[in-house]
$ cat data03.cif   # mmCIF, C-alpha atoms
data_data
#
loop_
_atom_site.label_atom_id
_atom_site.label_comp_id
_atom_site.auth_asym_id
_atom_site.auth_seq_id
_atom_site.Cartn_x
_atom_site.Cartn_y
_atom_site.Cartn_z
CA MET H 1 10.14 -40.20 -11.65
CA ASP H 2 12.06 -42.87 -9.70
CA THR H 3 14.67 -42.89 -12.44
CA ILE H 4 16.03 -39.66 -10.98
CA LEU H 5 18.76 -40.52 -8.47
CA PHE H 6 21.56 -38.30 -7.28
CA ASN H 7 22.72 -37.84 -10.85
CA PHE H 8 22.97 -35.17 -13.49
CA HIS H 9 19.23 -34.47 -13.34
CA ASP H 10 19.46 -33.82 -9.60
CA LEU H 11 22.53 -31.65 -10.12
CA LEU H 12 20.62 -29.64 -12.73
CA MET H 13 17.88 -28.88 -10.20
CA VAL H 14 20.46 -27.87 -7.60
CA VAL H 15 22.13 -25.52 -10.11
CA THR H 16 18.74 -24.09 -11.13
CA ALA H 17 17.84 -23.41 -7.51
CA PHE H 18 21.24 -21.84 -6.85
CA GLU H 19 21.00 -19.58 -9.91
CA CYS H 20 17.52 -18.38 -8.88
CA LEU H 21 18.73 -17.61 -5.38
CA LEU H 22 21.82 -15.85 -6.69
CA LEU H 23 19.89 -13.70 -9.17
CA ALA H 24 17.28 -12.83 -6.53
CA THR H 25 20.06 -11.79 -4.15
CA LEU H 26 21.78 -9.67 -6.82
CA LEU H 27 18.53 -7.93 -7.75
CA ALA H 28 17.72 -7.19 -4.13
CA ALA H 29 21.22 -5.93 -3.37
CA SER H 30 21.71 -3.87 -6.53
CA ALA H 31 18.42 -1.97 -6.41
CA ARG H 32 19.32 1.71 -6.11
CA THR H 33 15.86 2.69 -4.97
CA PRO H 34 13.14 0.43 -3.57
CA SER H 35 10.55 -0.50 -6.17
CA LEU H 36 7.56 -2.79 -6.05
CA SER H 37 8.36 -4.35 -9.42
CA ASN H 38 11.89 -5.29 -8.33
CA ALA H 39 10.63 -6.73 -5.03
CA LEU H 40 8.03 -8.82 -6.87
CA LEU H 41 10.63 -10.12 -9.34
CA VAL H 42 12.85 -11.10 -6.41
CA ALA H 43 9.91 -12.93 -4.80
CA PHE H 44 9.15 -14.67 -8.12
CA LEU H 45 12.75 -15.87 -8.38
CA LEU H 46 12.65 -17.12 -4.81
CA CYS H 47 9.63 -19.22 -5.76
CA HIS H 48 11.71 -20.72 -8.56
CA PHE H 49 14.44 -21.37 -6.02
CA LEU H 50 11.98 -23.40 -3.94
CA ILE H 51 10.30 -25.32 -6.80
CA PRO H 52 13.38 -27.34 -7.89
CA LEU H 53 14.14 -28.04 -4.22
CA HIS H 54 10.64 -29.48 -3.82
CA GLU H 55 11.07 -31.60 -6.94
CA LEU H 56 14.46 -32.83 -5.72
CA MET H 57 13.12 -33.68 -2.27
CA PHE H 58 10.11 -35.63 -3.52
CA TRP H 59 11.41 -37.29 -6.71
CA GLY H 60 15.07 -37.72 -5.84
CA LYS H 61 15.33 -41.16 -4.28
CA LEU H 62 18.34 -40.39 -2.13
CA PHE H 63 16.85 -37.18 -0.80
CA ARG H 64 13.48 -38.81 -0.20
CA ILE H 65 15.01 -41.55 1.97
CA TRP H 66 17.20 -39.11 3.83
CA LEU H 67 14.32 -36.74 4.62
CA LEU H 68 12.03 -39.57 5.65
CA ASP H 69 14.55 -40.51 8.33
CA ILE H 70 14.22 -36.99 9.71
CA SER H 71 10.47 -36.34 9.38
CA PRO H 72 7.80 -36.80 6.69
CA ASP H 73 6.48 -33.34 7.58
CA LEU H 74 9.42 -31.86 5.69
CA PHE H 75 7.89 -32.91 2.39
CA PHE H 76 5.77 -30.47 0.36
CA ILE H 77 6.83 -27.46 2.47
CA PHE H 78 8.17 -25.80 -0.71
CA SER H 79 5.44 -26.96 -3.09
CA PHE H 80 3.30 -23.90 -2.27
CA ALA H 81 5.61 -21.95 -4.62
CA TYR H 82 3.70 -23.45 -7.57
CA TYR H 83 0.67 -21.46 -6.41
CA LEU H 84 2.51 -18.18 -5.83
CA ASP H 85 4.75 -17.68 -8.85
CA GLY H 86 1.82 -16.95 -11.19
CA PRO H 87 0.38 -14.07 -9.12
CA LEU H 88 3.89 -12.75 -8.41
CA LEU H 89 4.73 -12.71 -12.12
CA TYR H 90 1.44 -10.97 -12.91
CA PHE H 91 1.93 -8.24 -10.30
CA PHE H 92 5.59 -7.80 -11.32
CA VAL H 93 4.55 -7.08 -14.92
CA ARG H 94 1.72 -4.85 -13.75
CA ALA H 95 3.97 -2.84 -11.41
CA LEU H 96 6.63 -2.56 -14.12
CA LEU H 97 4.31 -1.20 -16.80
CA TYR H 98 1.81 0.92 -14.91
CA LYS H 99 2.00 3.84 -12.54
CA ASP H 100 1.19 3.83 -8.84
CA ILE H 101 0.40 0.11 -8.54
CA GLN H 102 0.05 -0.95 -4.91
CA LEU H 103 -0.76 -4.28 -3.32
CA LYS H 104 -4.01 -3.94 -1.43
CA PRO H 105 -6.16 -6.26 0.71
CA LYS H 106 -8.58 -6.67 -2.20
CA HIS H 107 -5.82 -8.46 -4.13
CA SER H 108 -5.81 -11.28 -1.59
CA TRP H 109 -8.24 -13.24 -3.76
CA HIS H 110 -5.22 -14.17 -5.86
CA LEU H 111 -4.23 -16.42 -2.95
CA LEU H 112 -7.36 -18.56 -3.21
CA PRO H 113 -5.66 -21.37 -5.21
CA LEU H 114 -2.87 -21.40 -2.61
CA ALA H 115 -5.42 -21.56 0.22
CA LEU H 116 -7.18 -24.45 -1.50
CA TYR H 117 -3.89 -26.29 -1.90
CA VAL H 118 -2.89 -25.75 1.74
CA LEU H 119 -6.29 -27.02 2.91
CA HIS H 120 -5.96 -30.06 0.67
CA MET H 121 -2.46 -30.87 1.96
CA LEU H 122 -3.57 -30.51 5.58
CA VAL H 123 -6.39 -32.99 5.09
CA SER H 124 -4.64 -35.39 2.72
CA PHE H 125 -1.17 -35.40 4.23
CA TYR H 126 -0.18 -33.33 7.25
CA LEU H 127 -3.08 -34.39 9.50
CA GLN H 128 -2.59 -38.05 8.62
CA PRO H 129 -0.78 -40.41 11.01
CA ASP H 130 2.97 -40.66 10.67
CA ALA H 131 2.75 -44.19 9.21
CA VAL H 132 0.32 -43.05 6.50
CA GLN H 133 2.53 -40.10 5.63
CA ARG H 134 5.57 -42.35 5.28
CA GLN H 135 3.67 -44.76 3.05
CA LEU H 136 2.46 -41.92 0.80
CA ILE H 137 6.04 -40.67 0.41
CA GLU H 138 7.73 -44.03 0.02
CA THR H 139 5.28 -45.19 -2.66
CA GLN H 140 4.79 -41.66 -4.07
CA HIS H 141 1.12 -42.61 -4.18
CA ILE H 142 0.01 -39.10 -3.25
CA ALA H 143 1.33 -37.73 -6.56
CA TYR H 144 -0.98 -40.04 -8.52
CA SER H 145 -4.09 -39.95 -6.33
CA SER H 146 -7.30 -37.98 -6.14
CA PRO H 147 -7.99 -35.25 -5.07
CA HIS H 148 -4.30 -34.28 -5.28
CA LEU H 149 -4.32 -34.50 -9.07
CA TYR H 150 -7.44 -32.35 -9.33
CA VAL H 151 -6.00 -29.63 -7.12
CA GLU H 152 -2.65 -29.81 -8.91
CA THR H 153 -4.30 -29.62 -12.34
CA LEU H 154 -6.33 -26.58 -11.28
CA GLY H 155 -3.18 -24.90 -9.99
CA ARG H 156 -1.23 -25.50 -13.19
CA PHE H 157 -3.99 -24.09 -15.41
CA VAL H 158 -4.34 -21.05 -13.16
CA ARG H 159 -0.57 -20.61 -13.43
CA MET H 160 -0.76 -20.58 -17.23
CA GLY H 161 -3.66 -18.17 -17.05
CA TYR H 162 -1.49 -15.66 -15.21
CA VAL H 163 1.15 -15.70 -17.95
CA LEU H 164 -1.51 -15.14 -20.61
CA TRP H 165 -2.87 -12.32 -18.45
CA CYS H 166 0.63 -10.82 -18.45
CA PHE H 167 0.65 -10.82 -22.25
CA MET H 168 -2.65 -8.90 -22.14
CA LEU H 169 -1.05 -6.35 -19.81
CA VAL H 170 1.81 -5.86 -22.27
CA TRP H 171 -0.62 -5.43 -25.19
CA ASN H 172 -2.70 -2.88 -23.27
CA TYR H 173 0.48 -1.09 -22.27
CA ARG H 174 1.56 -0.70 -25.87
CA GLN H 175 -1.84 0.77 -26.74
CA GLN H 176 -1.84 3.15 -23.79
CA LEU H 177 1.75 4.19 -24.49
CA ARG H 178 0.66 5.96 -27.68
CA HIS H 179 -1.50 8.28 -25.60
CA GLU H 180 1.36 9.29 -23.31
CA GLN H 181 4.70 8.94 -25.16
CA ALA H 182 6.03 10.43 -28.37
CA ASP H 183 8.94 8.01 -28.66
CA LEU H 184 7.87 4.37 -28.35
CA LYS H 185 11.47 3.18 -28.62
CA THR H 186 12.14 4.42 -25.10
CA SER H 187 9.87 1.69 -23.78
CA ASP H 188 10.88 -1.36 -25.76
CA VAL H 189 9.40 -4.37 -23.97
CA ALA H 190 10.67 -7.04 -26.36
CA TRP H 191 12.80 -8.48 -23.55
CA LEU H 192 9.69 -8.78 -21.38
CA LYS H 193 7.84 -10.66 -24.12
CA ILE H 194 10.74 -13.10 -24.48
CA MET H 195 10.78 -13.65 -20.72
CA LEU H 196 7.04 -14.26 -20.60
CA LEU H 197 7.20 -16.61 -23.57
CA SER H 198 9.91 -18.64 -21.83
CA PHE H 199 7.84 -19.07 -18.69
CA LEU H 200 4.71 -19.77 -20.72
CA LEU H 201 6.52 -22.75 -22.24
CA ILE H 202 7.60 -23.96 -18.79
CA PHE H 203 4.13 -23.60 -17.32
CA ALA H 204 2.60 -25.27 -20.39
CA LEU H 205 4.90 -28.28 -20.08
CA ASP H 206 4.13 -28.57 -16.35
CA THR H 207 0.43 -28.46 -17.24
CA VAL H 208 0.88 -31.19 -19.85
CA LEU H 209 2.65 -33.33 -17.24
CA VAL H 210 -0.14 -33.07 -14.67
CA CYS H 211 -2.77 -33.65 -17.37
CA LEU H 212 -0.98 -36.86 -18.34
CA LYS H 213 -1.07 -37.92 -14.70
CA LEU H 214 -4.76 -37.09 -14.48
CA TYR H 215 -5.47 -39.04 -17.65
CA GLY H 216 -3.55 -41.99 -16.26
CA PHE H 217 -5.55 -41.82 -13.06
CA LEU H 218 -8.89 -41.70 -14.87
CA ALA H 219 -7.86 -44.49 -17.27
CA ASP H 220 -6.11 -46.43 -14.49
CA ASP H 221 -3.07 -46.72 -16.75
CA PHE H 222 -0.06 -44.52 -15.98
CA ASP H 223 2.57 -44.35 -18.73
CA MET H 224 5.57 -43.92 -16.45
CA ASP H 225 8.09 -43.70 -19.29
CA LEU H 226 6.19 -40.80 -20.88
CA LEU H 227 5.78 -39.10 -17.51
CA ASN H 228 9.51 -39.38 -16.87
CA VAL H 229 10.36 -37.89 -20.28
CA VAL H 230 7.96 -34.95 -19.86
CA GLY H 231 9.03 -34.40 -16.25
CA LEU H 232 12.72 -34.34 -17.09
CA SER H 233 12.05 -32.08 -20.07
CA SER H 234 10.39 -29.56 -17.77
CA TYR H 235 13.52 -29.51 -15.57
CA TYR H 236 15.76 -28.78 -18.54
CA LEU H 237 13.37 -26.19 -19.98
CA ASN H 238 13.18 -24.48 -16.61
CA PHE H 239 16.98 -24.31 -16.53
CA VAL H 240 17.12 -22.87 -20.05
CA ALA H 241 14.38 -20.30 -19.30
CA LEU H 242 16.15 -19.19 -16.15
CA ASN H 243 19.37 -18.59 -18.05
CA ILE H 244 17.44 -16.67 -20.70
CA LEU H 245 16.10 -14.47 -17.90
CA ILE H 246 19.62 -13.97 -16.51
CA PHE H 247 20.92 -13.08 -19.98
CA LEU H 248 18.10 -10.61 -20.57
CA ARG H 249 18.52 -9.10 -17.12
CA PHE H 250 22.14 -8.17 -17.72
CA THR H 251 21.95 -7.34 -21.43
CA SER H 252 18.49 -6.19 -22.44
CA PHE H 253 16.57 -4.94 -19.42
CA VAL H 254 15.67 -1.33 -20.10
CA THR H 255 13.90 1.24 -18.03
CA VAL H 256 10.24 1.01 -18.94
CA ALA H 257 8.27 4.25 -18.95
CA PRO H 258 5.16 3.38 -16.91
CA VAL H 259 1.77 4.64 -18.10
CA SER H 260 -1.62 5.11 -16.52
CA GLU H 261 -3.28 1.78 -15.88
CA GLN H 262 -6.74 3.12 -16.60
CA PRO H 263 -7.52 4.68 -20.01
CA LEU H 264 -7.25 8.46 -19.91
CA PHE H 265 -10.81 8.71 -21.20
CA GLU H 266 -13.68 6.45 -22.10
CA ALA H 267 -15.24 6.09 -25.53
CA LYS H 268 -18.21 8.21 -24.44
CA ASP H 269 -15.82 11.02 -23.46
CA GLU H 270 -14.08 10.79 -26.80
CA SER H 271 -17.31 11.32 -28.76
CA ALA H 272 -18.69 14.06 -26.53
CA ALA H 273 -17.62 17.67 -27.14
CA VAL H 274 -16.32 18.33 -23.64
CA PHE H 275 -12.85 19.78 -24.29
CA ASP H 276 -11.96 23.35 -23.47
CA GLN H 277 -11.07 25.54 -26.43
CA GLN H 278 -8.54 27.33 -24.24
CA ILE H 279 -6.64 24.08 -23.86
CA ALA H 280 -6.51 23.64 -27.63
CA LEU H 281 -5.18 27.17 -28.08
CA ARG H 282 -2.57 26.72 -25.37
CA LEU H 283 -1.36 23.47 -26.94
CA GLU H 284 -1.15 25.13 -30.34
CA GLN H 285 0.96 27.91 -28.84
CA LEU H 286 3.34 25.46 -27.18
CA MET H 287 3.79 23.39 -30.30
CA ARG H 288 4.02 26.14 -32.95
CA GLU H 289 5.61 29.05 -31.11
CA GLN H 290 7.72 27.28 -28.49
CA LYS H 291 8.35 24.16 -30.60
CA PHE H 292 7.70 21.90 -27.65
CA TYR H 293 7.67 18.93 -30.02
CA ALA H 294 11.44 19.31 -30.52
CA ASN H 295 12.03 18.04 -26.99
CA PRO H 296 13.09 14.40 -27.61
CA ASP H 297 11.86 13.39 -24.14
CA ILE H 298 8.42 14.96 -24.44
CA THR H 299 5.59 13.08 -22.74
CA LEU H 300 1.94 13.78 -22.15
CA ASP H 301 2.65 14.62 -18.52
CA LYS H 302 5.33 17.13 -19.48
CA LEU H 303 3.14 18.77 -22.12
CA ALA H 304 0.21 18.92 -19.71
CA ALA H 305 2.42 20.48 -17.02
CA ALA H 306 3.68 23.10 -19.47
CA ALA H 307 0.13 23.85 -20.59
CA GLY H 308 -1.12 24.00 -17.01
CA TYR H 309 -3.94 21.50 -17.45
CA PRO H 310 -4.57 17.91 -16.29
CA ALA H 311 -3.12 15.22 -18.53
CA LYS H 312 -6.54 13.63 -19.02
CA LYS H 313 -8.01 16.87 -20.43
CA VAL H 314 -4.99 17.44 -22.65
CA SER H 315 -5.20 13.93 -24.07
CA LEU H 316 -8.94 14.27 -24.68
CA THR H 317 -8.44 17.64 -26.38
CA ILE H 318 -5.82 16.17 -28.73
CA LYS H 319 -8.12 13.27 -29.58
CA GLN H 320 -11.18 15.43 -30.24
CA CYS H 321 -9.47 18.30 -32.04
CA HIS H 322 -7.05 16.33 -34.17
CA GLN H 323 -8.39 12.75 -34.14
CA GLN H 324 -4.92 11.64 -33.10
CA ASN H 325 -3.32 10.07 -30.06
CA PHE H 326 -0.42 11.83 -28.36
CA TYR H 327 2.19 9.86 -30.32
CA GLU H 328 0.65 10.84 -33.67
CA TYR H 329 0.01 14.42 -32.55
CA VAL H 330 3.59 15.23 -31.55
CA ASN H 331 5.21 13.41 -34.45
CA SER H 332 2.95 15.10 -36.99
CA TYR H 333 4.39 18.46 -35.85
CA ARG H 334 7.87 17.00 -36.11
CA ILE H 335 7.26 15.81 -39.66
CA ALA H 336 5.80 19.19 -40.67
CA GLN H 337 8.96 20.93 -39.47
CA ALA H 338 11.16 18.28 -41.06
CA LYS H 339 9.49 18.92 -44.41
CA LEU H 340 10.40 22.59 -44.19
CA LEU H 341 14.01 21.76 -43.39
CA LEU H 342 14.22 19.16 -46.17
CA ALA H 343 13.02 21.72 -48.69
CA GLU H 344 15.88 24.10 -47.88
CA GLN H 345 18.64 24.42 -50.48
CA GLY H 346 22.17 25.70 -50.51
CA PRO H 347 25.14 25.27 -48.21
CA GLU H 348 23.01 25.82 -45.10
CA ALA H 349 20.80 22.83 -45.85
CA GLN H 350 21.06 20.29 -43.04
CA THR H 351 21.68 16.58 -43.40
CA ILE H 352 18.80 14.21 -42.80
CA THR H 353 20.46 13.07 -39.58
CA ASP H 354 20.70 16.66 -38.33
CA ILE H 355 17.07 17.23 -39.29
CA TYR H 356 15.55 14.30 -37.46
CA PHE H 357 17.51 15.19 -34.33
CA ALA H 358 16.51 18.85 -34.66
CA VAL H 359 12.79 18.08 -34.79
CA GLY H 360 12.89 15.73 -31.79
CA PHE H 361 13.30 12.21 -33.16
CA ASN H 362 15.80 9.91 -31.44
CA SER H 363 15.83 7.23 -34.13
CA LYS H 364 16.35 7.49 -37.87
CA SER H 365 14.27 4.36 -38.48
CA VAL H 366 11.32 5.81 -36.56
CA PHE H 367 11.69 9.10 -38.43
CA ASN H 368 11.77 7.37 -41.82
CA THR H 369 8.85 5.11 -40.98
CA PHE H 370 6.62 7.90 -39.68
CA PHE H 371 7.59 10.24 -42.51
CA LYS H 372 6.74 7.66 -45.17
CA ARG H 373 3.49 6.83 -43.39
CA LEU H 374 2.36 10.47 -43.62
CA GLU H 375 3.92 11.53 -46.93
CA GLY H 376 4.13 8.28 -48.88
CA VAL H 377 7.85 8.76 -49.58
CA THR H 378 11.05 8.59 -47.56
CA PRO H 379 12.76 11.81 -46.37
CA SER H 380 15.46 11.36 -49.06
CA GLN H 381 12.85 10.97 -51.78
CA TYR H 382 10.96 13.99 -50.48
CA ARG H 383 14.13 16.11 -50.56
CA ASP H 384 14.81 15.02 -54.13
CA GLN H 385 11.26 15.99 -55.15
CA GLN H 386 11.63 19.44 -53.58
CA ASN H 387 15.06 20.02 -55.12
CA PRO H 388 14.95 18.55 -58.65
#

$ encode --input "data03.cif" --output "structure tokens"
Amino acid sequence: MDTILFNFHDLLMVVTAFECLLLATLLAASARTPSLSNALLVAFLLCHFLIPLHELMFWGKLFRIWLLDISPDLFFIFSFAYYLDGPLLYFFVRALLYKDIQLKPKHSWHLLPLALYVLHMLVSFYLQPDAVQRQLIETQHIAYSSPHLYVETLGRFVRMGYVLWCFMLVWNYRQQLRHEQADLKTSDVAWLKIMLLSFLLIFALDTVLVCLKLYGFLADDFDMDLLNVVGLSSYYLNFVALNILIFLRFTSFVTVAPVSEQPLFEAKDESAAVFDQQIALRLEQLMREQKFYANPDITLDKLAAAAGYPAKKVSLTIKQCHQQNFYEYVNSYRIAQAKLLLAEQGPEAQTITDIYFAVGFNSKSVFNTFFKRLEGVTPSQYRDQQNP
């Protein structure tokens, strides 16, 4: 990418790096309480502060000459960030969505691609004589040589794999949420999906770029014009994705209700009659007599605490007794009470808005959707049927 001088493209990388550093600083400084997810997001942003600096140092002609006059050992010192941002993004999403996530020594295997890259750079570059290093930088031959391309290709595919893994975490979270929350709107992760999609596009374009290089190496025919176009496109896409992240951070980030990472029970537990009848009776008392369902912030943990039993046993009891998850269980009680209120006549009859708030719903759309799912008609239609 020798076409990149100290021009607008270079300025774009400088601005991208600055924005990443600024956002990372703001997130670190504004955190009210320390959290692993926030620390991991800060670390992820710092990686994306280093990546454009690496690109500027190696591909920017002016910077390359200036750094070579100082020392060739300065090159590639930031390139390790390509092998860290994937794991950091994965653990950020995991810590955000799930309870009690901790980084442990067993997680160090995520650093294997980084270790492989460091070993490769030691052998191929840093342990080489100064004259060889300078030649590799001046000609940029190292970027188009083997085994550098093989290691780089592996790293880019692993990077994409982490983003796809993050999408799996989000999908599993949405499934698990129904076993622990009665209001799914309180944990809207649409912003997270948009963020992941943005970085998936960036990582995909970076992967396409290195695959084009690898193809050129194997065919002994590098299409430099195509490589320049794809490379520059990745810079611009990275800038756009970063600003999407900044926009989402200050407009759409919501507090996500974390859930248990492991399923509350296995399929074999679900089919086996292991629940305690006393738990079922206690839950019935809480829901019918104390109207626990009317609490708009009800969760499995809160219901289990009120019942005096472990959350896992409560969830299993609900599943076995009612063939419902927690979300369906609580909202079915809410709908049953709503039907009674909708059937009332006279001046004391409540509005539909008053009713859905009274039974514990926070959203009219959720109330209407769930009501129609169970009854086949909307609340307004049901009221009309009961009061012809």

$ residues_around --input "data03.cif" --residues "Gln277 (chain H)" --least-positions-apart "2" --cutoff "12 Å" --atoms "only C-alpha atoms" --output "number ranges by chain"
H: 273-275, 279-284, 313-314, 316-318, 320-321

$ atom_distance --input "data03.cif" --atom1 "CA of Pro113 (chain H)" --atom2 "CA of Gly155 (chain H)"
6.4 Å

$ atom_distance --input "data03.cif" --atom1 "CA of Phe250 (chain H)" --atom2 "CA of Leu237 (chain H)"
20.2 Å

$ resolve_selection --input "data03.cif" --expression "the PyMOL selection byres ((chain H and resi 214) around 8)" --output "list in words"
Tyr144, Leu149, Tyr150, Thr153, Val210, Cys211, Leu212, Lys213, Tyr215, Gly216, Phe217 and Leu218 of chain H

$ closest_residue --input "data03.cif" --among "H:Ile335, H:Val151, H:Ala241, H:Leu232" --to "Tyr382 (chain H)" --atoms "all atoms listed in the file"
H:Ile335

$ resolve_selection --input "data03.cif" --expression "the PyMOL selection byres ((chain H and resi 302) around 12)" --output "VMD selection string"
chain H and resid 180 to 182 283 286 292 to 293 295 to 301 303 to 311 314 to 315 326

$ resolve_selection --input "data03.cif" --expression "the PyMOL selection byres ((chain H and resi 37) around 7)" --output "number ranges by chain"
H: 35-36, 38-41, 92, 95-96

$ residues_around --input "data03.cif" --residues "Arg174 (chain H)" --least-positions-apart "4" --cutoff "10 Å" --atoms "all atoms listed in the file" --output "short mmCIF file (atom, residue, chain, number, x, y, z; two decimals) with C-alpha atoms, in the coordinates of the input"
data_model
loop_
_atom_site.label_atom_id
_atom_site.label_comp_id
_atom_site.auth_asym_id
_atom_site.auth_seq_id
_atom_site.Cartn_x
_atom_site.Cartn_y
_atom_site.Cartn_z
CA LEU H 97 4.31 -1.20 -16.80
CA MET H 168 -2.65 -8.90 -22.14
CA LEU H 169 -1.05 -6.35 -19.81
CA VAL H 170 1.81 -5.86 -22.27
CA ARG H 178 0.66 5.96 -27.68
CA HIS H 179 -1.50 8.28 -25.60
CA LEU H 184 7.87 4.37 -28.35
CA SER H 187 9.87 1.69 -23.78
CA ASP H 188 10.88 -1.36 -25.76
CA VAL H 189 9.40 -4.37 -23.97
CA VAL H 259 1.77 4.64 -18.10
#

$ closest_residue --input "data03.cif" --among "H:Ser71, H:Ser198, H:Asp220, H:Met57" --to "Asp130 (chain H)" --atoms "all atoms listed in the file"
H:Ser71

$ atom_distance --input "data03.cif" --atom1 "CA of Leu62 (chain H)" --atom2 "CA of Phe44 (chain H)"
28.0 Å

$ residues_around --input "data03.cif" --residues "Phe199 (chain H)" --least-positions-apart "6" --cutoff "9 Å" --atoms "only C-alpha atoms" --output "PyMOL selection string"
chain H and resi 160+163+238+241-242

$ write_last_selection --input "data03.cif" --atoms "C-alpha atoms" --output "PDB file, in the coordinates of the input"
ATOM      1  CA  MET H 160      -0.760 -20.580 -17.230  1.00  0.00           C
ATOM      2  CA  VAL H 163       1.150 -15.700 -17.950  1.00  0.00           C
ATOM      3  CA  ASN H 238      13.180 -24.480 -16.610  1.00  0.00           C
ATOM      4  CA  ALA H 241      14.380 -20.300 -19.300  1.00  0.00           C
ATOM      5  CA  LEU H 242      16.150 -19.190 -16.150  1.00  0.00           C
TER       6      LEU H 242
END

$ closest_residue --input "data03.cif" --among "H:Leu112, H:Arg159, H:Leu192, H:Asp221" --to "Ala204 (chain H)" --atoms "all atoms listed in the file"
H:Arg159

$ residues_around --input "data03.cif" --residues "Phe78 (chain H)" --least-positions-apart "5" --cutoff "7 Å" --atoms "all atoms listed in the file" --output "list in words"
Leu50, Ile51 and His54 of chain H

$ write_last_selection --input "data03.cif" --atoms "C-alpha atoms" --output "PDB file, keeping the file's coordinate frame"
ATOM      1  CA  LEU H  50      11.980 -23.400  -3.940  1.00  0.00           C
ATOM      2  CA  ILE H  51      10.300 -25.320  -6.800  1.00  0.00           C
ATOM      3  CA  HIS H  54      10.640 -29.480  -3.820  1.00  0.00           C
TER       4      HIS H  54
END

$ closest_residue --input "data03.cif" --among "H:Leu248, H:Ala28, H:Tyr162, H:Phe8" --to "Leu88 (chain H)" --atoms "only C-alpha atoms"
H:Tyr162

$ residues_around --input "data03.cif" --residues "Ile70 (chain H)" --least-positions-apart "6" --cutoff "12 Å" --atoms "only C-alpha atoms" --output "ChimeraX atom specification"
/H:63-64,130,134

$ residues_near_point --input "data03.cif" --point "(2.5, -16.5, -7.4)" --cutoff "10 Å" --atoms "only C-alpha atoms" --output "mmCIF file with C-alpha atoms, keeping the file's coordinate frame"
data_model
loop_
_atom_site.group_PDB
_atom_site.id
_atom_site.type_symbol
_atom_site.label_atom_id
_atom_site.label_comp_id
_atom_site.auth_asym_id
_atom_site.auth_seq_id
_atom_site.Cartn_x
_atom_site.Cartn_y
_atom_site.Cartn_z
ATOM 1 C CA LEU H 40 8.030 -8.820 -6.870
ATOM 2 C CA ALA H 43 9.910 -12.930 -4.800
ATOM 3 C CA PHE H 44 9.150 -14.670 -8.120
ATOM 4 C CA CYS H 47 9.630 -19.220 -5.760
ATOM 5 C CA PHE H 80 3.300 -23.900 -2.270
ATOM 6 C CA ALA H 81 5.610 -21.950 -4.620
ATOM 7 C CA TYR H 82 3.700 -23.450 -7.570
ATOM 8 C CA TYR H 83 0.670 -21.460 -6.410
ATOM 9 C CA LEU H 84 2.510 -18.180 -5.830
ATOM 10 C CA ASP H 85 4.750 -17.680 -8.850
ATOM 11 C CA GLY H 86 1.820 -16.950 -11.190
ATOM 12 C CA PRO H 87 0.380 -14.070 -9.120
ATOM 13 C CA LEU H 88 3.890 -12.750 -8.410
ATOM 14 C CA LEU H 89 4.730 -12.710 -12.120
ATOM 15 C CA TYR H 90 1.440 -10.970 -12.910
ATOM 16 C CA PHE H 91 1.930 -8.240 -10.300
ATOM 17 C CA HIS H 110 -5.220 -14.170 -5.860
ATOM 18 C CA LEU H 111 -4.230 -16.420 -2.950
ATOM 19 C CA PRO H 113 -5.660 -21.370 -5.210
ATOM 20 C CA LEU H 114 -2.870 -21.400 -2.610
ATOM 21 C CA ARG H 159 -0.570 -20.610 -13.430
ATOM 22 C CA TYR H 162 -1.490 -15.660 -15.210
#
